[in-house]
Structure formats: structure tokens, C-alpha cells
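Q: Data: run.txt, compact mmCIF, C-alpha atoms.
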# COMPACT_ATOMS: atom_id res chain seq x y z
CA MET A 4 -4.36 -16.10 -2.97
CA TRP A 5 -2.36 -13.65 -0.87
CA THR A 6 0.65 -14.26 1.36
CA TYR A 7 1.73 -12.03 4.24
CA GLU A 8 5.32 -10.76 4.18
CA ARG A 9 6.65 -9.91 7.60
CA ARG A 10 7.88 -6.42 6.61
CA LEU A 11 6.47 -2.96 5.91
CA GLU A 12 6.84 -1.63 2.36
CA TYR A 13 8.61 1.43 3.80
CA PRO A 14 9.83 1.91 7.41
CA VAL A 15 7.52 3.43 10.04
CA LYS A 16 9.44 4.43 13.13
CA ILE A 17 7.64 6.95 15.33
CA LYS A 18 9.21 7.78 18.68
CA ASN A 19 6.57 9.96 20.37
CA PRO A 20 2.88 9.19 20.95
CA ASN A 21 0.65 11.95 19.54
CA PRO A 22 -3.07 11.13 19.44
CA ALA A 23 -3.81 14.54 17.86
CA LEU A 24 -2.05 13.34 14.67
CA ALA A 25 -3.61 9.86 14.84
CA LYS A 26 -7.05 11.50 14.87
CA PHE A 27 -6.78 12.66 11.25
CA ILE A 28 -4.20 10.24 9.81
CA ILE A 29 -6.66 7.39 10.50
CA SER A 30 -8.68 8.79 7.57
CA GLN A 31 -6.12 7.27 5.20
CA TYR A 32 -7.01 3.87 6.70
CA GLY A 33 -10.83 3.97 6.66
CA GLY A 34 -11.76 7.37 5.25
CA PRO A 35 -13.32 8.28 1.88
CA HIS A 36 -9.91 8.46 0.12
CA GLY A 37 -8.22 5.84 2.28
CA GLU A 38 -6.17 2.76 1.50
CA LEU A 39 -8.85 0.25 2.54
CA GLY A 40 -11.31 1.63 -0.01
CA ALA A 41 -8.55 1.84 -2.63
CA SER A 42 -7.58 -1.83 -2.30
CA LEU A 43 -11.22 -3.02 -2.33
CA ARG A 44 -12.08 -0.78 -5.28
CA TYR A 45 -9.29 -2.15 -7.51
CA LEU A 46 -9.52 -5.77 -6.37
CA SER A 47 -13.30 -5.74 -7.02
CA GLN A 48 -13.11 -3.94 -10.38
CA ARG A 49 -10.53 -6.35 -11.78
CA CYS A 50 -12.95 -9.30 -11.99
CA THR A 51 -14.64 -8.04 -15.18
CA MET A 52 -11.70 -6.13 -16.70
CA PRO A 53 -11.23 -7.75 -20.12
CA TYR A 54 -7.71 -6.53 -20.92
CA ARG A 55 -4.96 -8.56 -19.23
CA GLU A 56 -2.57 -5.63 -18.76
CA VAL A 57 -5.24 -3.54 -17.06
CA ALA A 58 -6.45 -6.47 -14.89
CA GLY A 59 -2.77 -6.84 -13.89
CA ILE A 60 -2.54 -3.13 -12.99
CA LEU A 61 -5.72 -3.44 -10.86
CA THR A 62 -4.43 -6.59 -9.14
CA ASP A 63 -0.97 -5.26 -8.39
CA ILE A 64 -1.97 -1.73 -7.34
CA GLY A 65 -4.79 -3.24 -5.22
CA THR A 66 -2.18 -5.45 -3.58
CA GLU A 67 0.24 -2.57 -2.96
CA GLU A 68 -2.65 -0.63 -1.36
CA ILE A 69 -3.00 -3.43 1.21
CA GLY A 70 0.66 -2.80 2.04
CA HIS A 71 -0.16 0.91 2.38
CA LEU A 72 -3.13 0.16 4.63
CA GLU A 73 -0.65 -1.75 6.81
CA MET A 74 1.69 1.28 6.91
CA VAL A 75 -1.16 3.64 7.89
CA THR A 76 -2.29 1.27 10.68
CA ALA A 77 1.35 1.10 11.88
CA ILE A 78 1.51 4.93 11.95
CA VAL A 79 -1.76 5.19 13.90
CA HIS A 80 -0.68 2.41 16.28
CA GLN A 81 2.70 3.99 16.97
CA LEU A 82 1.06 7.41 17.53
CA THR A 83 -1.39 6.00 20.10
CA ARG A 84 0.61 3.37 22.00
CA GLY A 85 1.82 4.59 25.35
CA MET A 86 -0.32 7.75 25.22
CA THR A 87 -1.30 9.13 28.63
CA MET A 88 -4.82 10.04 29.77
CA GLU A 89 -3.70 13.70 29.78
CA GLN A 90 -2.60 13.44 26.12
CA ILE A 91 -5.91 11.77 25.21
CA LYS A 92 -7.91 14.60 26.79
CA GLU A 93 -5.71 17.42 25.48
CA ALA A 94 -5.75 16.02 21.92
CA GLY A 95 -9.54 15.72 21.85
CA PHE A 96 -9.08 11.97 21.41
CA SER A 97 -11.70 11.06 24.06
CA GLU A 98 -14.51 10.43 21.54
CA TYR A 99 -12.39 7.83 19.74
CA PHE A 100 -10.93 6.44 22.97
CA VAL A 101 -14.29 5.73 24.57
CA ASP A 102 -15.21 3.22 21.83
CA HIS A 103 -11.83 1.94 20.61
CA THR A 104 -9.31 2.58 23.45
CA ALA A 105 -5.92 2.41 21.64
CA GLY A 106 -7.23 0.00 19.00
CA VAL A 107 -6.99 0.87 15.29
CA TYR A 108 -10.48 1.12 13.75
CA PRO A 109 -11.10 1.79 10.04
CA GLN A 110 -12.87 5.13 10.11
CA ALA A 111 -12.66 8.59 8.57
CA ALA A 112 -11.21 11.54 10.49
CA SER A 113 -14.83 12.64 10.99
CA GLY A 114 -15.58 9.39 12.88
CA THR A 115 -17.66 7.81 10.09
CA PRO A 116 -16.87 4.08 9.81
CA ALA A 117 -15.24 2.87 6.56
CA SER A 118 -17.91 2.45 3.91
CA ALA A 119 -18.12 0.87 0.45
CA ALA A 120 -20.26 3.93 -0.38
CA THR A 121 -16.94 5.76 -0.94
CA LEU A 122 -15.98 3.52 -3.89
CA ALA A 123 -17.57 2.47 -7.15
CA VAL A 124 -17.58 -0.68 -9.25
CA THR A 125 -19.51 0.20 -12.39
CA GLY A 126 -18.62 -2.79 -14.57
CA ASP A 127 -17.63 -0.30 -17.30
CA ALA A 128 -13.92 -0.24 -18.18
CA ILE A 129 -13.59 3.48 -18.99
CA ALA A 130 -15.77 4.59 -16.05
CA ASP A 131 -13.88 2.38 -13.55
CA ILE A 132 -10.39 3.43 -14.64
CA SER A 133 -11.44 7.10 -14.70
CA GLU A 134 -12.71 6.67 -11.12
CA ASP A 135 -9.39 5.05 -10.17
CA MET A 136 -7.39 7.98 -11.55
CA ALA A 137 -9.56 10.39 -9.54
CA ALA A 138 -9.20 8.17 -6.46
CA GLU A 139 -5.39 8.37 -6.67
CA GLN A 140 -5.57 12.16 -6.90
CA LYS A 141 -7.94 12.31 -3.90
CA ALA A 142 -5.56 10.15 -1.87
CA ARG A 143 -2.67 12.38 -2.99
CA LEU A 144 -4.43 15.57 -1.87
CA THR A 145 -5.38 13.96 1.46
CA TYR A 146 -1.68 13.17 2.04
CA ASP A 147 -0.87 16.78 1.04
CA ASN A 148 -3.31 17.98 3.71
CA ILE A 149 -1.85 15.57 6.29
CA LEU A 150 1.61 17.01 5.50
CA ARG A 151 0.20 20.52 6.08
CA LEU A 152 -1.18 19.45 9.47
CA ALA A 153 1.56 17.14 10.80
CA ASP A 154 4.68 18.52 12.49
CA ASP A 155 6.55 15.31 13.42
CA PRO A 156 9.31 14.37 10.91
CA ASP A 157 8.92 10.68 11.91
CA VAL A 158 5.33 10.88 10.65
CA LYS A 159 5.98 13.05 7.59
CA ASP A 160 8.62 10.71 6.15
CA PRO A 161 6.38 7.66 5.55
CA ILE A 162 3.46 9.98 4.56
CA ARG A 163 5.68 11.47 1.81
CA PHE A 164 6.41 7.96 0.55
CA LEU A 165 2.68 7.12 0.44
CA ARG A 166 1.92 10.40 -1.35
CA ALA A 167 4.54 9.66 -4.03
CA ARG A 168 3.04 6.21 -4.65
CA GLU A 169 -0.38 7.77 -5.41
CA ILE A 170 1.24 9.76 -8.21
CA VAL A 171 2.85 6.61 -9.68
CA HIS A 172 -0.47 4.74 -9.45
CA TYR A 173 -2.22 7.63 -11.23
CA GLN A 174 0.35 7.35 -14.02
CA ARG A 175 -0.15 3.55 -14.33
CA PHE A 176 -3.97 3.94 -14.42
CA GLY A 177 -3.55 6.58 -17.13
CA GLU A 178 -1.64 4.01 -19.17
CA GLY A 179 -4.41 1.51 -18.40
CA LEU A 180 -6.99 3.93 -19.82
CA ARG A 181 -4.88 4.31 -22.97
CA ILE A 182 -4.65 0.50 -23.33
CA ILE A 183 -8.46 0.24 -23.01
CA GLN A 184 -9.01 2.94 -25.65
CA ASP A 185 -6.44 1.34 -27.99
CA ASN A 186 -8.65 -1.75 -27.94
CA LEU A 187 -11.85 0.17 -28.76
CA ASP A 188 -13.34 1.89 -31.79
CA LYS A 189 -11.25 5.06 -32.19
CA LYS A 190 -14.21 6.91 -33.74
CA ASN A 191 -16.38 6.19 -30.70
CA PHE A 192 -14.81 4.77 -27.51
CA TYR A 193 -18.30 4.50 -26.06
CA ALA A 194 -19.89 2.41 -28.82
CA ILE A 195 -19.71 -0.65 -26.56
CA ASN A 196 -18.83 -1.53 -22.96
CA PRO A 197 -16.03 -4.11 -23.40
CA GLU A 198 -16.73 -5.51 -19.91
CA PHE A 199 -20.30 -6.45 -20.90
CA ASP A 200 -20.83 -6.46 -24.65
CA LEU A 201 -17.76 -8.54 -25.60
CA ARG A 202 -18.47 -11.52 -23.35
CA MET B 8 24.86 -6.30 8.44
CA ASN B 9 22.65 -6.21 11.52
CA ARG B 10 18.95 -7.06 11.35
CA GLN B 11 17.81 -3.50 10.74
CA GLU B 12 20.37 -2.83 7.98
CA LEU B 13 19.48 -6.07 6.23
CA MET B 14 15.76 -5.29 6.49
CA HIS B 15 16.38 -1.86 4.93
CA ARG B 16 18.18 -3.49 1.99
CA ILE B 17 15.22 -5.90 1.56
CA GLN B 18 12.82 -2.93 1.65
CA GLU B 19 14.90 -1.23 -1.07
CA THR B 20 15.05 -4.21 -3.44
CA GLY B 21 11.44 -5.14 -2.59
CA PHE B 22 10.33 -1.62 -3.47
CA ALA B 23 12.22 -1.70 -6.77
CA LEU B 24 10.45 -4.97 -7.64
CA THR B 25 7.02 -3.60 -6.66
CA ASP B 26 7.52 -0.49 -8.79
CA LEU B 27 8.89 -2.48 -11.76
CA ASN B 28 6.00 -4.91 -11.45
CA LEU B 29 3.51 -2.06 -12.00
CA PHE B 30 5.59 -0.55 -14.83
CA LEU B 31 5.84 -3.90 -16.61
CA ASP B 32 2.06 -4.43 -16.42
CA SER B 33 1.64 -1.48 -18.80
CA HIS B 34 5.00 -1.90 -20.62
CA PRO B 35 5.30 -5.71 -20.84
CA THR B 36 7.88 -5.69 -23.66
CA ASN B 37 10.23 -2.98 -22.30
CA ALA B 38 13.66 -4.67 -22.54
CA PRO B 39 15.61 -2.50 -20.03
CA ALA B 40 12.84 -2.91 -17.44
CA LEU B 41 12.76 -6.69 -17.97
CA GLU B 42 16.53 -6.86 -17.52
CA TYR B 43 16.47 -4.62 -14.44
CA PHE B 44 13.70 -6.77 -12.94
CA ARG B 45 15.83 -9.91 -13.43
CA ASP B 46 18.86 -8.27 -11.73
CA VAL B 47 16.92 -6.88 -8.75
CA LYS B 48 15.00 -10.14 -8.32
CA MET B 49 18.32 -11.98 -7.86
CA GLN B 50 19.62 -9.43 -5.35
CA HIS B 51 16.33 -9.53 -3.45
CA ALA B 52 16.29 -13.34 -3.27
CA GLU B 53 19.85 -13.38 -1.89
CA LEU B 54 19.02 -10.76 0.77
CA VAL B 55 15.83 -12.59 1.79
CA ALA B 56 17.70 -15.93 2.07
CA GLN B 57 20.37 -14.26 4.21
CA TYR B 58 17.76 -12.56 6.43
CA GLU B 59 15.72 -15.71 6.95
CA MET B 60 18.83 -17.71 7.87
CA MET B 61 19.96 -15.13 10.43
CA PHE B 62 16.76 -13.61 11.81
CA GLY B 63 13.77 -15.82 10.98
CA PRO B 64 11.09 -16.25 8.33
CA LEU B 65 9.53 -13.43 6.26
CA THR B 66 6.61 -15.62 5.20
CA ALA B 67 4.93 -18.43 7.16
CA PHE B 68 5.74 -20.94 4.38
CA ASP B 69 9.47 -20.19 4.90
CA VAL B 70 9.47 -21.43 8.50
CA ASP B 71 12.11 -24.10 9.19
CA THR B 72 10.13 -26.21 11.68
CA LYS B 73 13.31 -27.90 12.99
CA GLN B 74 13.70 -24.65 14.94
CA GLY B 75 10.07 -24.67 16.09
CA TRP B 76 7.27 -22.34 14.94
CA THR B 77 9.49 -19.25 14.56
CA TRP B 78 6.73 -17.34 12.67
CA ILE B 79 5.27 -15.92 15.89
CA ARG B 80 8.53 -15.65 17.86
CA ASP B 81 9.61 -12.08 17.01
CA PRO B 82 7.89 -8.66 17.11
CA TRP B 83 5.52 -7.97 14.19
CA PRO B 84 6.45 -5.30 11.62
CA TRP B 85 4.05 -2.64 12.95
CA GLU B 86 5.62 -2.82 16.42
CA LEU B 87 9.21 -3.39 15.39
CA GLU B 88 10.07 0.14 14.29
CA ASP B 89 12.13 -0.94 11.31
Represent the supplied structure as C-alpha cells.
A:
Amino acid sequence: MWTYERRLEYPVKIKNPNPALAKFIISQYGGPHGELGASLRYLSQRCTMPYREVAGILTDIGTEEIGHLEMVTAIVHQLTRGMTMEQIKEAGFSEYFVDHTAGVYPQAASGTPASAATLAVTGDAIADISEDMAAEQKARLTYDNILRLADDPDVKDPIRFLRAREIVHYQRFGEGLRIIQDNLDKKNFYAINPEFDLR
Amino acid sequence: MNRQELMHRIQETGFALTDLNLFLDSHPTNAPALEYFRDVKMQHAELVAQYEMMFGPLTAFDVDTKQGWTWIRDPWPWELED
């Protein structure tokens, strides 16, 4: 069960509409390294994770990612509300506008709709956690690229917060991998899949 | 404290709890972290109680229906510019 808290995890307060920024920041909502995929990846993988600590990490990081998805949608919304037709045309936002107006749609910067094809649930503890560590690094580098492209300090501030969280999540997943390996045969971590063979 | 200042304090203590929550998942017996969690949890609960009394509910289950359905009365977080 989840409960909505009427607050953002970190403030998003953007004064000026700027659809040119919204065009690529939306990738962290519905793109290949975005927060929607992150939350679904972890909240799906947790079902068969046999170690309680690691299932807790997947649950709680998956939950925080929903809060991050909310922050990214708030950023995109605040960058596109009140935009003029001139700004839409100048920013090259027309292709998005024609289908979604100023709505917030989960898609990649390229326009591809959010897809579960960008995440994996292998049912194998080591494979899943290794994927999660890579996913956090891919989200981190996407935020790095957004920081290279964005020039508005109101946008950069919450993006820096989100970037820092990816690094913490990477650290926690690394500890999760260690916990998994501590539970396995030290001579051969791959002798069994604890998600399947220990049922 | 005005609404925005109080919300910022809640975001600070809420963030500390979120981060400690993750840390404790992988370090469940870490005594300083357990103690810090207990302290921040108390601060957070006090701030939330104060906020909800002055400015309205943070969760739907916290609505005091004697004042009507206050859950949908105020701007939502993504439009509020906290």
C-alpha cells in the first residue's frame, strides 16, 4: 500500500517557462534512464528477492523514485505552463505540443513513449542488483548531461539533488550485492540462483 | 514560521528520514543511525503536526472532516512552488 504525501521531496520552484529545457528533461520522467522505469524496475524485482535487507532496499529506493518522478513532472510542468506560442515554435516544441499540448507525458527526449523494454526483471538476485547499479549510474550521467545543457539555476538546483540521490542509491545497491554474496557459496557465487533454487 | 518555512523544515527532516531509512536497510544494527532516526522522527512528527494544524493535511487520512474535505482545498505540490 502507498500513501500520497502532499509535498515534494525537494523544492521545485521555476519562475520562467522554457519549453526548450522541458524537451530533454522529460527524458528523466519516461526515458530509458528515467524515474518511471527506475521505480517499476525495483518494485517489480523485489517480489522474488529472498534477502529481507535487499528486498527492503528495493522497496524503499523504488518508493523514493516515485517521489523523484513527481519532482521531474513538476519541473516539466513548471517549464511549460504559461509558455507562449512563439516560445513553443522557437524551442522546437511543436512536435510535442501537437499531441500533448502542455500536458506531461512519460516519454524519452527522442519522443519514444516510456517502455518496459528499458528495464529488466531477470529473477536472478546478482543479475538484478547488477542491473540496478548500472541503472543508477545511467540516471546519474543523464542528470550530468542535463546539467551541461540547462542554463536556468532554478532548474539546475533540483536536478543536482536528483543526481546526488542516484549516487547514494548506487552505494546502497552495492551493499545489497555484498549482502547477497555473503549469503552465497564464497567459492562460487553462481552455483545457485537464490531467487529460484532456494524456494 | 510561515507556511513555506515550515514546509522547508518538513522537507529537511523528511529527507533525513528517507536517507536514514535506506542506510538502515543495509546497516540494520548501526547504533548511531538508529538513535539519529529516533531523534529526527520525533522532530519530523512535531513539524508535521504543527503544519497540519495551521495549513491543512499532508495525507488524506489526516483530514479533520469537521473543517470539511480540506484535502483538495489548497494548491497541489507541483503547482505550489515550495
Q: Determine, using all atoms listed in the file, which residues of chain A have any atom at most 10 Å from an atom of chain B, and tabulate each with its shortest atom pair and distance in Å to one decimal place, rows ordered by chain and then rising number, as a Markdown table.
A:
| residue | atom | partner | partner_atom | distance |
| --- | --- | --- | --- | --- |
| A:Thr6 | CA | B:Thr66 | CA | 7.2 |
| A:Tyr7 | CA | B:Thr66 | CA | 6.1 |
| A:Glu8 | CA | B:Thr66 | CA | 5.1 |
| A:Arg9 | CA | B:Leu65 | CA | 4.7 |
| A:Arg10 | CA | B:Pro84 | CA | 5.3 |
| A:Leu11 | CA | B:Pro84 | CA | 6.2 |
| A:Glu12 | CA | B:Gln18 | CA | 6.2 |
| A:Tyr13 | CA | B:Gln18 | CA | 6.4 |
| A:Pro14 | CA | B:Asp89 | CA | 5.4 |
| A:Val15 | CA | B:Glu88 | CA | 5.9 |
| A:Lys16 | CA | B:Glu88 | CA | 4.5 |
| A:Ile17 | CA | B:Glu88 | CA | 7.3 |
| A:Lys18 | CA | B:Glu88 | CA | 8.9 |
| A:Arg55 | CA | B:Asp32 | CA | 8.6 |
| A:Glu56 | CA | B:Asp32 | CA | 5.3 |
| A:Val57 | CA | B:Asp32 | CA | 7.4 |
| A:Ala58 | CA | B:Asp32 | CA | 8.9 |
| A:Gly59 | CA | B:Asp32 | CA | 6.0 |
| A:Ile60 | CA | B:Asp32 | CA | 5.9 |
| A:Leu61 | CA | B:Leu29 | CA | 9.4 |
| A:Thr62 | CA | B:Leu29 | CA | 9.6 |
| A:Asp63 | CA | B:Leu29 | CA | 6.6 |
| A:Ile64 | CA | B:Leu29 | CA | 7.2 |
| A:Thr66 | CA | B:Thr25 | CA | 9.9 |
| A:Glu67 | CA | B:Thr25 | CA | 7.8 |
| A:Glu73 | CA | B:Trp85 | CA | 7.8 |
| A:Met74 | CA | B:Trp85 | CA | 7.6 |
| A:Val75 | CA | B:Trp85 | CA | 9.6 |
| A:Thr76 | CA | B:Trp85 | CA | 7.8 |
| A:Ala77 | CA | B:Trp85 | CA | 4.7 |
| A:Ile78 | CA | B:Trp85 | CA | 8.0 |
| A:Val79 | CA | B:Trp85 | CA | 9.8 |
| A:His80 | CA | B:Trp85 | CA | 7.7 |
| A:Gln81 | CA | B:Glu86 | CA | 7.4 |
| A:Arg84 | CA | B:Glu86 | CA | 9.7 |
| A:Arg168 | CA | B:Asp26 | CA | 9.1 |
| A:Val171 | CA | B:Asp26 | CA | 8.5 |
| A:His172 | CA | B:Leu29 | CA | 8.3 |
| A:Gln174 | CA | B:Phe30 | CA | 9.5 |
| A:Arg175 | CA | B:Ser33 | CA | 7.0 |
| A:Phe176 | CA | B:Ser33 | CA | 8.9 |
| A:Gly177 | CA | B:Ser33 | CA | 9.7 |
| A:Glu178 | CA | B:Ser33 | CA | 6.4 |
| A:Gly179 | CA | B:Ser33 | CA | 6.8 |
| A:Arg181 | CA | B:Ser33 | CA | 9.7 |
| A:Ile182 | CA | B:Ser33 | CA | 8.0 |
Q: In Å to one decimal, how far is atom CA of B:Glu12 from atom CA of B:Thr77?
A: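 Between atom CA of B:Thr77 and atom CA of B:Glu12 the gap works out to 20.8 Å.
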Q: Which residue, A:His71, A:His103, A:Arg202, A:Arg166, has the smallest gap to A:Gly40 when you use all atoms listed in the file?
A: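 For A:Gly40, the nearest of the given residues is A:His71.
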Q: Give me, please, the distance in Å between atom CA of B:Ala38 and atom CA of B:Thr20, quoted to one decimal.
A: 19.2 Å
Q: Can you measure atom CA of B:His51 to atom CA of A:Glu68 for me? One decimal in Å is fine.
A: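 It comes out at 21.1 Å.
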Q: Find the residue from B:Met60, B:Leu41, B:Val55, B:Met49 that sits nearest to B:Arg16; use all atoms listed in the file when measuring.
A: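 Closest candidate: B:Val55.
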Q: Neighbouring residues of A:Gly34 were defined as those with any atom within 10 Å, considering only C-alpha atoms; residues of the same chain fewer than 5 positions away were excluded. Please report them as a list in words.
A: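 The neighbour list is Phe27, Ile28, Ile29, Leu39, Gly40, Pro109, Gln110, Ala111, Ala112, Ser113, Gly114, Thr115, Pro116, Ala117, Ser118, Thr121, Ala142 and Thr145 of chain A.
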Q: Generate a file of the selected residues that holds C-alpha atoms, formatted as a CSV table (one decimal), in the coordinates of the input.
A:
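Output file out-v4.csv follows:
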chain,number,residue,atom,x,y,z
A,27,PHE,CA,-6.8,12.7,11.2
A,28,ILE,CA,-4.2,10.2,9.8
A,29,ILE,CA,-6.7,7.4,10.5
A,39,LEU,CA,-8.8,0.2,2.5
A,40,GLY,CA,-11.3,1.6,0.0
A,109,PRO,CA,-11.1,1.8,10.0
A,110,GLN,CA,-12.9,5.1,10.1
A,111,ALA,CA,-12.7,8.6,8.6
A,112,ALA,CA,-11.2,11.5,10.5
A,113,SER,CA,-14.8,12.6,11.0
A,114,GLY,CA,-15.6,9.4,12.9
A,115,THR,CA,-17.7,7.8,10.1
A,116,PRO,CA,-16.9,4.1,9.8
A,117,ALA,CA,-15.2,2.9,6.6
A,118,SER,CA,-17.9,2.4,3.9
A,121,THR,CA,-16.9,5.8,-0.9
A,142,ALA,CA,-5.6,10.2,-1.9
A,145,THR,CA,-5.4,14.0,1.5
Q: Counting all atoms listed in the file, which residue out of A:Leu201, A:Gln140, A:Glu93, A:Ile170 sits closest to A:Asn186?
A: A:Leu201
Q: Out of A:Leu24, A:Leu46, A:Leu122, A:Leu72, which residue has the shortest atom-to-atom distance to A:Lys141 when counting only C-alpha atoms?
A: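 Smallest distance to A:Lys141 is found for A:Leu122.
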Q: For each of B:Leu54, B:Asn9, B:Leu24, B:Glu59, take the minimum atom-to-atom distance to B:Ala40, counting only C-alpha atoms, then give the residue where this is smallest.
A: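 Looking at the shortest contact to B:Ala40, the residue is B:Leu24.
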